Structure formats: structure tokens, C-alpha cells
file upload_4.pdb (PDB, C-alpha atoms, pLDDT in the B column)
ATOM      1  CA  MET R   1     -27.767 -19.908  12.060  1.00 59.00           C
ATOM      2  CA  PRO R   2     -29.957 -22.690  13.391  1.00 84.00           C
ATOM      3  CA  ILE R   3     -30.221 -25.190  16.162  1.00 94.00           C
ATOM      4  CA  THR R   4     -31.644 -28.040  14.122  1.00 95.00           C
ATOM      5  CA  SER R   5     -34.070 -30.669  15.337  1.00 94.00           C
ATOM      6  CA  SER R   6     -31.280 -33.275  15.011  1.00 95.00           C
ATOM      7  CA  VAL R   7     -29.464 -31.811  18.054  1.00 97.00           C
ATOM      8  CA  LEU R   8     -29.790 -33.814  21.281  1.00 97.00           C
ATOM      9  CA  LEU R   9     -29.800 -31.339  24.159  1.00 97.00           C
ATOM     10  CA  GLY R  10     -29.404 -32.533  27.740  1.00 97.00           C
ATOM     11  CA  ARG R  11     -31.277 -31.067  30.692  1.00 98.00           C
ATOM     12  CA  ASN R  12     -30.654 -27.404  31.542  1.00 98.00           C
ATOM     13  CA  VAL R  13     -28.447 -26.705  28.512  1.00 98.00           C
ATOM     14  CA  LYS R  14     -28.083 -22.938  28.092  1.00 97.00           C
ATOM     15  CA  VAL R  15     -27.478 -21.480  24.636  1.00 97.00           C
ATOM     16  CA  PHE R  16     -27.077 -17.796  25.396  1.00 93.00           C
ATOM     17  CA  GLN R  17     -27.854 -16.490  21.908  1.00 95.00           C
ATOM     18  CA  PRO R  18     -29.602 -19.223  19.901  1.00 94.00           C
ATOM     19  CA  ASP R  19     -29.826 -16.980  16.832  1.00 94.00           C
ATOM     20  CA  LEU R  20     -26.022 -16.757  16.741  1.00 96.00           C
ATOM     21  CA  VAL R  21     -25.035 -20.440  16.801  1.00 97.00           C
ATOM     22  CA  ASN R  22     -24.998 -23.281  14.272  1.00 97.00           C
ATOM     23  CA  LEU R  23     -25.703 -26.638  15.928  1.00 97.00           C
ATOM     24  CA  TYR R  24     -26.656 -29.714  13.924  1.00 97.00           C
ATOM     25  CA  GLY R  25     -26.574 -33.453  14.522  1.00 97.00           C
ATOM     26  CA  CYS R  26     -24.573 -33.111  17.741  1.00 98.00           C
ATOM     27  CA  THR R  27     -25.146 -34.156  21.352  1.00 98.00           C
ATOM     28  CA  ILE R  28     -24.773 -31.687  24.223  1.00 98.00           C
ATOM     29  CA  GLY R  29     -24.785 -32.927  27.813  1.00 98.00           C
ATOM     30  CA  ASP R  30     -26.710 -31.709  30.859  1.00 98.00           C
ATOM     31  CA  ASP R  31     -25.999 -28.254  32.328  1.00 98.00           C
ATOM     32  CA  THR R  32     -23.636 -27.247  29.495  1.00 98.00           C
ATOM     33  CA  LYS R  33     -23.392 -23.588  28.429  1.00 98.00           C
ATOM     34  CA  VAL R  34     -22.833 -22.557  24.798  1.00 98.00           C
ATOM     35  CA  GLY R  35     -21.766 -19.041  23.840  1.00 97.00           C
ATOM     36  CA  ALA R  36     -22.482 -16.989  20.720  1.00 96.00           C
ATOM     37  CA  PHE R  37     -20.945 -17.684  17.304  1.00 97.00           C
ATOM     38  CA  VAL R  38     -20.353 -21.369  18.088  1.00 97.00           C
ATOM     39  CA  GLU R  39     -20.653 -24.116  15.493  1.00 97.00           C
ATOM     40  CA  ILE R  40     -20.961 -27.728  16.586  1.00 98.00           C
ATOM     41  CA  GLN R  41     -21.213 -30.184  13.713  1.00 96.00           C
ATOM     42  CA  LYS R  42     -22.922 -33.542  13.364  1.00 96.00           C
ATOM     43  CA  ASN R  43     -21.495 -36.490  15.270  1.00 95.00           C
ATOM     44  CA  ALA R  44     -19.743 -34.218  17.791  1.00 97.00           C
ATOM     45  CA  THR R  45     -20.395 -34.911  21.462  1.00 97.00           C
ATOM     46  CA  ILE R  46     -20.136 -32.391  24.284  1.00 98.00           C
ATOM     47  CA  GLY R  47     -20.233 -33.737  27.828  1.00 98.00           C
ATOM     48  CA  ALA R  48     -22.162 -32.533  30.846  1.00 98.00           C
ATOM     49  CA  ARG R  49     -21.365 -29.330  32.772  1.00 98.00           C
ATOM     50  CA  CYS R  50     -19.116 -27.923  30.008  1.00 97.00           C
ATOM     51  CA  LYS R  51     -18.673 -24.324  28.963  1.00 97.00           C
ATOM     52  CA  ILE R  52     -18.170 -23.695  25.238  1.00 98.00           C
ATOM     53  CA  SER R  53     -17.070 -20.068  24.862  1.00 96.00           C
ATOM     54  CA  SER R  54     -17.899 -17.792  21.951  1.00 97.00           C
ATOM     55  CA  HIS R  55     -16.415 -18.112  18.460  1.00 97.00           C
ATOM     56  CA  THR R  56     -15.628 -21.827  18.897  1.00 96.00           C
ATOM     57  CA  PHE R  57     -15.735 -24.419  16.097  1.00 96.00           C
ATOM     58  CA  ILE R  58     -16.219 -28.078  17.016  1.00 95.00           C
ATOM     59  CA  CYS R  59     -16.170 -30.309  13.955  1.00 91.00           C
ATOM     60  CA  GLU R  60     -17.607 -33.711  13.214  1.00 91.00           C
ATOM     61  CA  GLY R  61     -16.219 -36.565  15.278  1.00 88.00           C
ATOM     62  CA  VAL R  62     -14.867 -34.495  18.187  1.00 91.00           C
ATOM     63  CA  THR R  63     -15.753 -35.671  21.708  1.00 92.00           C
ATOM     64  CA  ILE R  64     -15.420 -33.308  24.657  1.00 94.00           C
ATOM     65  CA  GLU R  65     -15.684 -35.046  28.026  1.00 93.00           C
ATOM     66  CA  ASP R  66     -17.640 -33.834  31.095  1.00 96.00           C
ATOM     67  CA  GLU R  67     -16.681 -30.624  32.934  1.00 94.00           C
ATOM     68  CA  VAL R  68     -14.449 -29.174  30.205  1.00 93.00           C
ATOM     69  CA  PHE R  69     -13.945 -25.459  29.601  1.00 92.00           C
ATOM     70  CA  VAL R  70     -13.315 -24.519  25.953  1.00 93.00           C
ATOM     71  CA  GLY R  71     -11.970 -20.974  25.647  1.00 91.00           C
ATOM     72  CA  HIS R  72     -12.928 -18.286  23.158  1.00 93.00           C
ATOM     73  CA  GLY R  73     -12.039 -18.866  19.512  1.00 92.00           C
ATOM     74  CA  VAL R  74     -10.944 -22.503  19.815  1.00 89.00           C
ATOM     75  CA  MET R  75     -10.948 -24.420  16.519  1.00 90.00           C
ATOM     76  CA  PHE R  76     -10.901 -28.211  16.508  1.00 85.00           C
ATOM     77  CA  ILE R  77      -9.860 -30.248  13.475  1.00 76.00           C
ATOM     78  CA  ASN R  78     -10.784 -33.789  12.511  1.00 75.00           C
ATOM     79  CA  ASP R  79      -8.099 -34.565   9.943  1.00 62.00           C
ATOM     80  CA  ILE R  80      -6.626 -37.856  11.177  1.00 54.00           C
ATOM     81  CA  PHE R  81      -3.997 -37.776   8.440  1.00 50.00           C
ATOM     82  CA  PRO R  82      -2.582 -34.245   8.617  1.00 55.00           C
ATOM     83  CA  ARG R  83      -0.229 -33.292   5.832  1.00 61.00           C
ATOM     84  CA  ALA R  84       2.423 -32.415   8.396  1.00 68.00           C
ATOM     85  CA  THR R  85       3.328 -36.115   8.441  1.00 67.00           C
ATOM     86  CA  THR R  86       4.468 -38.722   5.971  1.00 70.00           C
ATOM     87  CA  ASP R  87       3.464 -42.310   6.757  1.00 73.00           C
ATOM     88  CA  GLY R  88       2.758 -41.281  10.358  1.00 72.00           C
ATOM     89  CA  ALA R  89       6.154 -39.620  10.943  1.00 75.00           C
ATOM     90  CA  LEU R  90       6.595 -35.885  11.328  1.00 73.00           C
ATOM     91  CA  GLN R  91       8.082 -34.210   8.328  1.00 70.00           C
ATOM     92  CA  THR R  92      11.270 -32.179   8.585  1.00 68.00           C
ATOM     93  CA  GLU R  93      12.148 -28.952   6.809  1.00 61.00           C
ATOM     94  CA  ALA R  94      13.657 -31.055   4.002  1.00 65.00           C
ATOM     95  CA  ASP R  95      10.193 -32.531   3.267  1.00 64.00           C
ATOM     96  CA  TRP R  96       8.357 -29.226   2.805  1.00 57.00           C
ATOM     97  CA  GLU R  97       7.419 -27.926  -0.595  1.00 63.00           C
ATOM     98  CA  GLY R  98       5.551 -24.680  -1.136  1.00 76.00           C
ATOM     99  CA  ALA R  99       4.830 -22.018   1.458  1.00 73.00           C
ATOM    100  CA  MET R 100       4.464 -21.975   5.246  1.00 74.00           C
ATOM    101  CA  ILE R 101       1.732 -19.874   6.887  1.00 76.00           C
ATOM    102  CA  GLY R 102       2.139 -18.701  10.487  1.00 78.00           C
ATOM    103  CA  ALA R 103      -0.579 -19.441  13.042  1.00 76.00           C
ATOM    104  CA  GLY R 104      -3.252 -16.745  13.036  1.00 81.00           C
ATOM    105  CA  ALA R 105      -2.014 -15.146   9.803  1.00 82.00           C
ATOM    106  CA  VAL R 106      -4.561 -13.467   7.561  1.00 83.00           C
ATOM    107  CA  VAL R 107      -3.524 -14.197   3.988  1.00 80.00           C
ATOM    108  CA  THR R 108      -5.025 -11.840   1.399  1.00 81.00           C
ATOM    109  CA  HIS R 109      -2.737 -12.532  -1.589  1.00 78.00           C
ATOM    110  CA  ASP R 110      -0.940 -15.479  -3.174  1.00 80.00           C
ATOM    111  CA  VAL R 111       2.109 -16.643  -1.232  1.00 82.00           C
ATOM    112  CA  PRO R 112       5.082 -17.599  -3.427  1.00 84.00           C
ATOM    113  CA  ALA R 113       6.583 -21.079  -3.116  1.00 81.00           C
ATOM    114  CA  ASN R 114       9.239 -21.507  -0.409  1.00 80.00           C
ATOM    115  CA  THR R 115       8.115 -18.364   1.452  1.00 84.00           C
ATOM    116  CA  ILE R 116       6.973 -17.874   5.038  1.00 84.00           C
ATOM    117  CA  ALA R 117       3.898 -15.641   5.500  1.00 86.00           C
ATOM    118  CA  LYS R 118       2.962 -14.351   8.950  1.00 88.00           C
ATOM    119  CA  GLY R 119       1.035 -11.562  10.637  1.00 90.00           C
ATOM    120  CA  VAL R 120      -2.204  -9.656  10.157  1.00 91.00           C
ATOM    121  CA  PRO R 121      -2.314  -8.957   7.315  1.00 91.00           C
ATOM    122  CA  ALA R 122       0.245 -11.588   6.317  1.00 88.00           C
ATOM    123  CA  ARG R 123       3.654 -10.289   5.318  1.00 89.00           C
ATOM    124  CA  MET R 124       6.152 -12.299   3.340  1.00 88.00           C
ATOM    125  CA  GLY R 125       9.131 -13.453   5.375  1.00 83.00           C
ATOM    126  CA  ARG R 126      12.252 -15.421   4.653  1.00 80.00           C
ATOM    127  CA  ASP R 127      12.731 -18.395   2.395  1.00 79.00           C
ATOM    128  CA  THR R 128      11.510 -21.677   3.970  1.00 70.00           C
ATOM    129  CA  ARG R 129      14.676 -23.433   2.822  1.00 69.00           C
ATOM    130  CA  SER R 130      16.656 -21.315   5.299  1.00 66.00           C
ATOM    131  CA  VAL R 131      14.551 -22.381   8.316  1.00 57.00           C
ATOM    132  CA  LYS R 132      16.374 -24.707  10.707  1.00 56.00           C
ATOM    133  CA  VAL R 133      14.359 -26.917  13.055  1.00 49.00           C
ATOM    134  CA  GLY R 134      15.773 -28.209  16.358  1.00 45.00           C
TER     135      GLY R 134
END
call {"tool": "encode", "arguments": {"input": "upload_4.pdb", "output": "C-alpha cells"}}
result
Amino acid sequence: MPITSSVLLGRNVKVFQPDLVNLYGCTIGDDTKVGAFVEIQKNATIGARCKISSHTFICEGVTIEDEVFVGHGVMFINDIFPRATTDGALQTEADWEGAMIGAGAVVTHDVPANTIAKGVPARMGRDTRSVKVG
């Protein structure tokens, strides 16, 4: 996993284990610390005096301001049109088709339509049509 020549590193940036990161096309500000197993993609900007903890993923287009702590295992997304909305409005349970996957679930098999999967490994739960929101 490289730190490519396209990375703009500020003064006194500390990458604790350079062999265990993937940094390309990003900008990292002065005095920032980057832990192991971090990926920072092109066009991402990290401010000065930040701490990016291990196992963090910062995708293209994300900007982190100065003096920000990012905890272990944080995953940023850059989808400005998430499928959880329709025309900018949040969907309700009546709008969902297919399955729902719980946060942090590890899915190792197909999940049937209208089923909730959750846990590690994911277990099939109740029918999504029975879920009431609010």
C-alpha cells in the first residue's frame, strides 16, 4: 500500500506505518498524524493538527477541517444522492423494496427480498414489511 508522489504532505506529518497505508492524490495538513490501515483517496483534504486513527477510510471529495480527531474504523462516503431518499426526501418503510442490512453486519449469503439481516455473521430477521418507523 503506497504513499504516492501525488500526495501533498504538510510539515511534520507523521505516518506511523507508511507500509500499511494507501494515500494518493490527497492533501494532508501540517502536524497531522495518520495511523495504520488508513486509505485517503484523491481530492480528499485533511487539515492541520488532525489525528486520523487506524482502519479509517476517507474517500474522494471529503474535507476534514483543522484539529479534528477521527476515531478508529471510521468510513466516510461521498454519495451525494444516497438511495435512502427519493427526490431529496427521506423514504419511508412503504418505499423500500428488497432487503435491509443492519449496520456492521457481515453478510456471507444471499439475503431474500423483504428480509432484515443483522449481526456477525448476519442472521435473517423479520420481514421488512412488518417494520414500523416513528
call {"tool": "closest_residue", "arguments": {"input": "upload_4.pdb", "among": "R:Val62, R:Ala48, R:Leu20, R:Ala103", "to": "Thr32 of chain R", "atoms": "only C-alpha atoms"}}
result
R:Ala48
call {"tool": "residues_around", "arguments": {"input": "upload_4.pdb", "residues": "Lys14 of chain R", "least_positions_apart": "3", "cutoff": "9 Å", "atoms": "all atoms listed in the file", "output": "list in words"}}
result
Gln17, Asp31, Thr32, Lys33, Val34 and Gly35 of chain R
call {"tool": "closest_residue", "arguments": {"input": "upload_4.pdb", "among": "R:Val13, R:Ile77, R:Asn22, R:Thr115", "to": "Gly102 of chain R", "atoms": "all atoms listed in the file"}}
result
R:Thr115
call {"tool": "residues_around", "arguments": {"input": "upload_4.pdb", "residues": "Val120 of chain R", "least_positions_apart": "6", "cutoff": "8 Å", "atoms": "only C-alpha atoms", "output": "ChimeraX atom specification"}}
result
/R:104-107
call {"tool": "residues_near_point", "arguments": {"input": "upload_4.pdb", "point": "(8.8, -20.7, 0.6)", "cutoff": "8 Å", "atoms": "all atoms listed in the file", "output": "number ranges by chain"}}
result
R: 97-100, 112-116, 126-129
